[in-house]
Amino acid sequence: MHVNDGYVPQTPVEGVLHAFTRIGRRLKAKQPGDTLDQSAHLVLFVLRCNGALRLSDLANKMEIDASTASRHVRSLEQAGLVQRSVDPDDGRAFRVELTEQGTAEWEKNAKRRMALLTQAMEGWSEQDIRTFEGLMTRFADGVANLTDARDDKAWADKGWAAAARLNTEQNVESTR
């Protein structure tokens, strides 16, 4: 049963939101054969992309609080997927890093998810896939720019709509 079968987006932007909701819900769910849930996959992904990180830096990159990051790390540490090591810059602190098992587990799960995406694009031309990747990257960058701007007090004072207009104006200016 699909709860949104009868829903018809009223605008293209609403259609994008609807599509992302449908995709996100499915990609967050464990897929057949997955051994990691979405939060574990994300921790390992961040460590895979960045190398060893202090817990506070890991939490910041994941956009979660330190106590939540700590719970995730503790669970993954017990599973042998991450380990703590002394921070070479500050012997009182520690860094979290992937173990060999953690790297292997992340790669195995990432391959499964890549296979799912590949199957979803079956029949697409190479050019369609390149165009889609370019547009998705551009869109992700736009969303990141807007949401990263929320740390700016001026944005908080003006509200979401003003921030969106400001970002759009800055993007237009940067392309001239």
# chains A, B, ... in the order shown; residues from 1 in each chain; ligands from 1

call {"tool": "closest_atom_pairs", "arguments": {"of": "region 7-67 of chain A", "to": "region 75-83 of chain A", "cutoff": "10 Å", "atoms": "only C-alpha atoms", "output": "Markdown table"}}
result
| residue | atom | partner | partner_atom | distance |
| --- | --- | --- | --- | --- |
| A:Leu36 | CA | A:Leu76 | CA | 9.8 |
| A:Ala40 | CA | A:Leu76 | CA | 7.2 |
| A:Val43 | CA | A:Leu76 | CA | 8.9 |
| A:Leu44 | CA | A:Val82 | CA | 8.1 |
| A:Leu47 | CA | A:Val82 | CA | 9.1 |
| A:Ala52 | CA | A:Gln83 | CA | 9.4 |

call {"tool": "select_by_dssp", "arguments": {"residues": "chain A", "states": "helix (DSSP H, G or I)", "output": "PyMOL selection string"}}
result
chain A and resi 12-28+38-50+55-62+66-78+100-120+126-151+153-158+160-174

call {"tool": "atom_distance", "arguments": {"atom1": "CA of Met62 (chain A)", "atom2": "CA of Pro12 (chain A)"}}
result
29.3 Å

call {"tool": "closest_atom_pairs", "arguments": {"of": "region 15-67 of chain A", "to": "region 110-128 of chain A", "cutoff": "12 Å", "atoms": "only C-alpha atoms", "output": "tab-separated table"}}
result
residue	atom	partner	partner_atom	distance
A:Ile23	CA	A:Leu117	CA	10.4
A:Arg26	CA	A:Leu116	CA	10.6
A:Leu27	CA	A:Arg113	CA	7.9
A:Lys28	CA	A:Arg113	CA	10.4
A:Ala29	CA	A:Arg113	CA	10.9
A:Lys30	CA	A:Arg113	CA	9.9
A:Gln31	CA	A:Arg113	CA	7.9
A:Pro32	CA	A:Arg112	CA	8.7
A:Gly33	CA	A:Arg112	CA	7.9
A:Asp34	CA	A:Arg112	CA	7.6
A:Thr35	CA	A:Arg112	CA	10.6
A:Leu36	CA	A:Ala110	CA	10.0
A:Asp37	CA	A:Ala110	CA	11.8
A:Gln38	CA	A:Ala110	CA	11.1
A:Ala40	CA	A:Ala110	CA	11.9
A:His41	CA	A:Ala110	CA	8.4
A:Leu42	CA	A:Ala110	CA	10.6
A:Leu44	CA	A:Ala110	CA	10.4
A:Phe45	CA	A:Ala110	CA	9.0
A:Arg48	CA	A:Ala110	CA	11.4

call {"tool": "write_last_selection", "arguments": {"atoms": "N, CA and C atoms", "output": "mmCIF file, in the first residue's frame"}}
result
data_model
loop_
_atom_site.group_PDB
_atom_site.id
_atom_site.type_symbol
_atom_site.label_atom_id
_atom_site.label_comp_id
_atom_site.auth_asym_id
_atom_site.auth_seq_id
_atom_site.Cartn_x
_atom_site.Cartn_y
_atom_site.Cartn_z
ATOM 1 N N ILE A 23 11.560 9.191 -2.127
ATOM 2 C CA ILE A 23 12.892 8.603 -2.243
ATOM 3 C C ILE A 23 13.557 8.496 -0.873
ATOM 4 N N ARG A 26 12.363 5.698 1.386
ATOM 5 C CA ARG A 26 12.817 4.377 0.947
ATOM 6 C C ARG A 26 14.316 4.182 1.160
ATOM 7 N N LEU A 27 15.111 5.219 0.913
ATOM 8 C CA LEU A 27 16.555 5.074 1.088
ATOM 9 C C LEU A 27 16.964 5.029 2.556
ATOM 10 N N LYS A 28 16.155 5.620 3.429
ATOM 11 C CA LYS A 28 16.452 5.558 4.864
ATOM 12 C C LYS A 28 16.141 4.178 5.438
ATOM 13 N N ALA A 29 15.213 3.488 4.820
ATOM 14 C CA ALA A 29 14.833 2.157 5.297
ATOM 15 C C ALA A 29 15.931 1.162 4.961
ATOM 16 N N LYS A 30 16.080 0.178 5.813
ATOM 17 C CA LYS A 30 17.039 -0.881 5.514
ATOM 18 C C LYS A 30 16.600 -1.601 4.250
ATOM 19 N N GLN A 31 17.549 -1.840 3.380
ATOM 20 C CA GLN A 31 17.294 -2.576 2.149
ATOM 21 C C GLN A 31 17.644 -4.040 2.394
ATOM 22 N N PRO A 32 17.103 -4.951 1.608
ATOM 23 C CA PRO A 32 17.452 -6.365 1.781
ATOM 24 C C PRO A 32 18.976 -6.549 1.756
ATOM 25 N N GLY A 33 19.491 -7.214 2.757
ATOM 26 C CA GLY A 33 20.926 -7.465 2.844
ATOM 27 C C GLY A 33 21.714 -6.410 3.595
ATOM 28 N N ASP A 34 21.098 -5.262 3.872
ATOM 29 C CA ASP A 34 21.804 -4.227 4.634
ATOM 30 C C ASP A 34 22.095 -4.718 6.038
ATOM 31 N N THR A 35 23.256 -4.372 6.516
ATOM 32 C CA THR A 35 23.619 -4.686 7.894
ATOM 33 C C THR A 35 23.693 -3.428 8.739
ATOM 34 N N LEU A 36 23.543 -2.278 8.103
ATOM 35 C CA LEU A 36 23.614 -0.995 8.805
ATOM 36 C C LEU A 36 22.300 -0.250 8.677
ATOM 37 N N ASP A 37 21.887 0.423 9.749
ATOM 38 C CA ASP A 37 20.743 1.315 9.606
ATOM 39 C C ASP A 37 21.251 2.651 9.067
ATOM 40 N N GLN A 38 20.346 3.554 8.745
ATOM 41 C CA GLN A 38 20.704 4.815 8.106
ATOM 42 C C GLN A 38 21.647 5.644 8.961
ATOM 43 N N ALA A 40 23.844 4.655 11.241
ATOM 44 C CA ALA A 40 25.173 4.038 11.236
ATOM 45 C C ALA A 40 25.852 4.269 9.887
ATOM 46 N N HIS A 41 25.085 4.125 8.820
ATOM 47 C CA HIS A 41 25.626 4.346 7.473
ATOM 48 C C HIS A 41 26.155 5.770 7.357
ATOM 49 N N LEU A 42 25.419 6.739 7.899
ATOM 50 C CA LEU A 42 25.822 8.138 7.821
ATOM 51 C C LEU A 42 27.102 8.393 8.616
ATOM 52 N N LEU A 44 29.491 6.271 9.305
ATOM 53 C CA LEU A 44 30.594 5.664 8.577
ATOM 54 C C LEU A 44 30.917 6.449 7.308
ATOM 55 N N PHE A 45 29.880 6.967 6.650
ATOM 56 C CA PHE A 45 30.086 7.785 5.445
ATOM 57 C C PHE A 45 30.891 9.036 5.778
ATOM 58 N N ARG A 48 34.382 8.060 6.451
ATOM 59 C CA ARG A 48 35.011 7.619 5.206
ATOM 60 C C ARG A 48 35.451 8.823 4.380
#

call {"tool": "atom_distance", "arguments": {"atom1": "CA of Asp141 (chain A)", "atom2": "CA of Thr11 (chain A)"}}
result
21.9 Å

call {"tool": "select_by_dssp", "arguments": {"residues": "region 6-156 of chain A", "states": "strand (DSSP E)", "output": "PyMOL selection string"}}
result
chain A and resi 53-54+82-87+90-98

call {"tool": "write_last_selection", "arguments": {"atoms": "all heavy atoms", "output": "CSV table (one decimal), in the first residue's frame"}}
result
chain,number,residue,atom,x,y,z
A,53,LEU,N,38.0,11.9,13.1
A,53,LEU,CA,37.4,13.2,13.5
A,53,LEU,C,37.2,13.2,15.0
A,53,LEU,O,36.9,12.1,15.6
A,53,LEU,CB,36.1,13.5,12.9
A,53,LEU,CG,36.0,13.7,11.4
A,53,LEU,CD1,34.6,13.7,10.9
A,53,LEU,CD2,36.7,15.0,11.1
A,54,ARG,N,37.4,14.3,15.7
A,54,ARG,CA,36.9,14.5,17.0
A,54,ARG,C,35.4,14.3,17.1
A,54,ARG,O,34.7,14.5,16.1
A,54,ARG,CB,37.3,15.8,17.6
A,54,ARG,CG,38.7,16.0,17.9
A,54,ARG,CD,38.9,17.4,18.5
A,54,ARG,NE,40.2,17.6,19.0
A,54,ARG,CZ,40.6,18.5,19.9
A,54,ARG,NH1,39.7,19.3,20.4
A,54,ARG,NH2,41.8,18.5,20.3
A,82,VAL,N,34.1,1.2,14.3
A,82,VAL,CA,34.9,2.4,14.6
A,82,VAL,C,35.8,2.1,15.8
A,82,VAL,O,35.5,1.2,16.6
A,82,VAL,CB,34.1,3.7,14.7
A,82,VAL,CG1,33.2,3.9,13.5
A,82,VAL,CG2,33.2,3.6,16.0
A,83,GLN,N,36.8,3.0,15.9
A,83,GLN,CA,37.6,2.9,17.1
A,83,GLN,C,38.0,4.3,17.5
A,83,GLN,O,38.0,5.2,16.7
A,83,GLN,CB,38.9,2.1,16.9
A,83,GLN,CG,39.8,2.6,15.8
A,83,GLN,CD,40.9,1.6,15.5
A,83,GLN,OE1,40.9,0.5,15.8
A,83,GLN,NE2,41.9,2.1,14.7
A,84,ARG,N,38.4,4.5,18.8
A,84,ARG,CA,38.8,5.8,19.3
A,84,ARG,C,40.4,5.7,19.3
A,84,ARG,O,41.0,4.7,19.6
A,84,ARG,CB,38.3,6.0,20.6
A,84,ARG,CG,36.8,6.1,20.7
A,84,ARG,CD,36.3,6.2,22.1
A,84,ARG,NE,34.9,6.0,22.2
A,84,ARG,CZ,34.0,6.8,22.7
A,84,ARG,NH1,34.4,8.0,23.2
A,84,ARG,NH2,32.7,6.5,22.7
A,85,SER,N,41.0,6.8,19.0
A,85,SER,CA,42.4,7.0,19.1
A,85,SER,C,42.7,8.3,19.7
A,85,SER,O,41.9,9.3,19.6
A,85,SER,CB,43.1,6.8,17.7
A,85,SER,OG,42.6,7.8,16.8
A,86,VAL,N,43.9,8.5,20.3
A,86,VAL,CA,44.3,9.7,20.9
A,86,VAL,C,44.5,10.8,19.8
A,86,VAL,O,45.0,10.5,18.7
A,86,VAL,CB,45.6,9.5,21.7
A,86,VAL,CG1,46.1,10.9,22.2
A,86,VAL,CG2,45.4,8.5,22.8
A,87,ASP,N,44.0,12.0,20.1
A,87,ASP,CA,44.1,13.1,19.1
A,87,ASP,C,45.6,13.5,19.2
A,87,ASP,O,46.0,13.9,20.3
A,87,ASP,CB,43.2,14.2,19.5
A,87,ASP,CG,43.2,15.3,18.5
A,87,ASP,OD1,44.2,15.5,17.8
A,87,ASP,OD2,42.1,16.0,18.4
A,90,ASP,N,46.0,17.0,20.7
A,90,ASP,CA,45.6,17.2,22.1
A,90,ASP,C,45.4,15.9,22.7
A,90,ASP,O,44.4,15.2,22.5
A,90,ASP,CB,44.3,18.0,22.1
A,90,ASP,CG,43.8,18.3,23.5
A,90,ASP,OD1,44.4,17.8,24.5
A,90,ASP,OD2,42.8,19.0,23.6
A,91,GLY,N,46.4,15.5,23.5
A,91,GLY,CA,46.4,14.2,24.1
A,91,GLY,C,45.3,13.9,25.1
A,91,GLY,O,45.0,12.8,25.4
A,92,ARG,N,44.5,15.0,25.5
A,92,ARG,CA,43.4,14.8,26.3
A,92,ARG,C,42.1,14.4,25.6
A,92,ARG,O,41.2,13.9,26.1
A,92,ARG,CB,43.1,16.1,27.1
A,92,ARG,CG,44.2,16.5,28.0
A,92,ARG,CD,44.0,18.0,28.5
A,92,ARG,NE,44.0,18.8,27.3
A,92,ARG,CZ,43.6,20.1,27.3
A,92,ARG,NH1,43.1,20.6,28.4
A,92,ARG,NH2,43.6,20.8,26.2
A,93,ALA,N,42.1,14.6,24.3
A,93,ALA,CA,41.0,14.4,23.4
A,93,ALA,C,41.2,13.1,22.6
A,93,ALA,O,42.3,12.6,22.6
A,93,ALA,CB,40.7,15.5,22.5
A,94,PHE,N,40.1,12.6,22.0
A,94,PHE,CA,40.2,11.4,21.2
A,94,PHE,C,39.5,11.7,19.8
A,94,PHE,O,38.8,12.7,19.7
A,94,PHE,CB,39.6,10.2,21.8
A,94,PHE,CG,38.1,10.3,22.0
A,94,PHE,CD1,37.3,9.8,20.9
A,94,PHE,CD2,37.5,10.8,23.1
A,94,PHE,CE1,35.9,9.8,21.0
A,94,PHE,CE2,36.1,10.8,23.2
A,94,PHE,CZ,35.3,10.4,22.2
A,95,ARG,N,39.9,10.9,18.9
A,95,ARG,CA,39.3,11.0,17.5
A,95,ARG,C,38.6,9.6,17.3
A,95,ARG,O,39.0,8.6,17.8
A,95,ARG,CB,40.4,11.3,16.5
A,95,ARG,CG,41.0,12.6,16.7
A,95,ARG,CD,42.0,12.9,15.6
A,95,ARG,NE,42.8,11.8,15.2
A,95,ARG,CZ,43.7,11.8,14.1
A,95,ARG,NH1,43.8,12.9,13.4
A,95,ARG,NH2,44.4,10.8,13.8
A,96,VAL,N,37.6,9.7,16.4
A,96,VAL,CA,36.9,8.5,16.0
A,96,VAL,C,37.4,8.2,14.6
A,96,VAL,O,37.4,9.1,13.8
A,96,VAL,CB,35.4,8.7,16.1
A,96,VAL,CG1,34.6,7.5,15.6
A,96,VAL,CG2,34.9,9.2,17.4
A,97,GLU,N,37.6,6.9,14.3
A,97,GLU,CA,38.0,6.5,13.0
A,97,GLU,C,37.5,5.2,12.6
A,97,GLU,O,37.2,4.4,13.5
A,97,GLU,CB,39.6,6.6,12.9
A,97,GLU,CG,40.3,5.6,13.8
A,97,GLU,CD,41.8,5.9,13.8
A,97,GLU,OE1,42.3,6.2,12.7
A,97,GLU,OE2,42.4,5.7,14.9
A,98,LEU,N,37.4,4.9,11.3
A,98,LEU,CA,36.9,3.6,10.9
A,98,LEU,C,37.9,2.5,11.1
A,98,LEU,O,39.1,2.8,11.0
A,98,LEU,CB,36.7,3.7,9.3
A,98,LEU,CG,35.5,4.5,8.8
A,98,LEU,CD1,35.5,4.6,7.3
A,98,LEU,CD2,34.2,3.8,9.3

call {"tool": "closest_residue", "arguments": {"among": "A:Asn50, A:Thr131, A:Gln10, A:Ser39", "to": "Thr68 (chain A)", "atoms": "only C-alpha atoms"}}
result
A:Ser39

call {"tool": "closest_residue", "arguments": {"among": "A:Ser56, A:Phe132, A:Val73, A:Glu63", "to": "Thr147 (chain A)", "atoms": "only C-alpha atoms"}}
result
A:Glu63

call {"tool": "residues_around", "arguments": {"residues": "Val8 (chain A)", "least_positions_apart": "4", "cutoff": "12 Å", "atoms": "only C-alpha atoms", "output": "ChimeraX atom specification"}}
result
/A:4,12,14-19
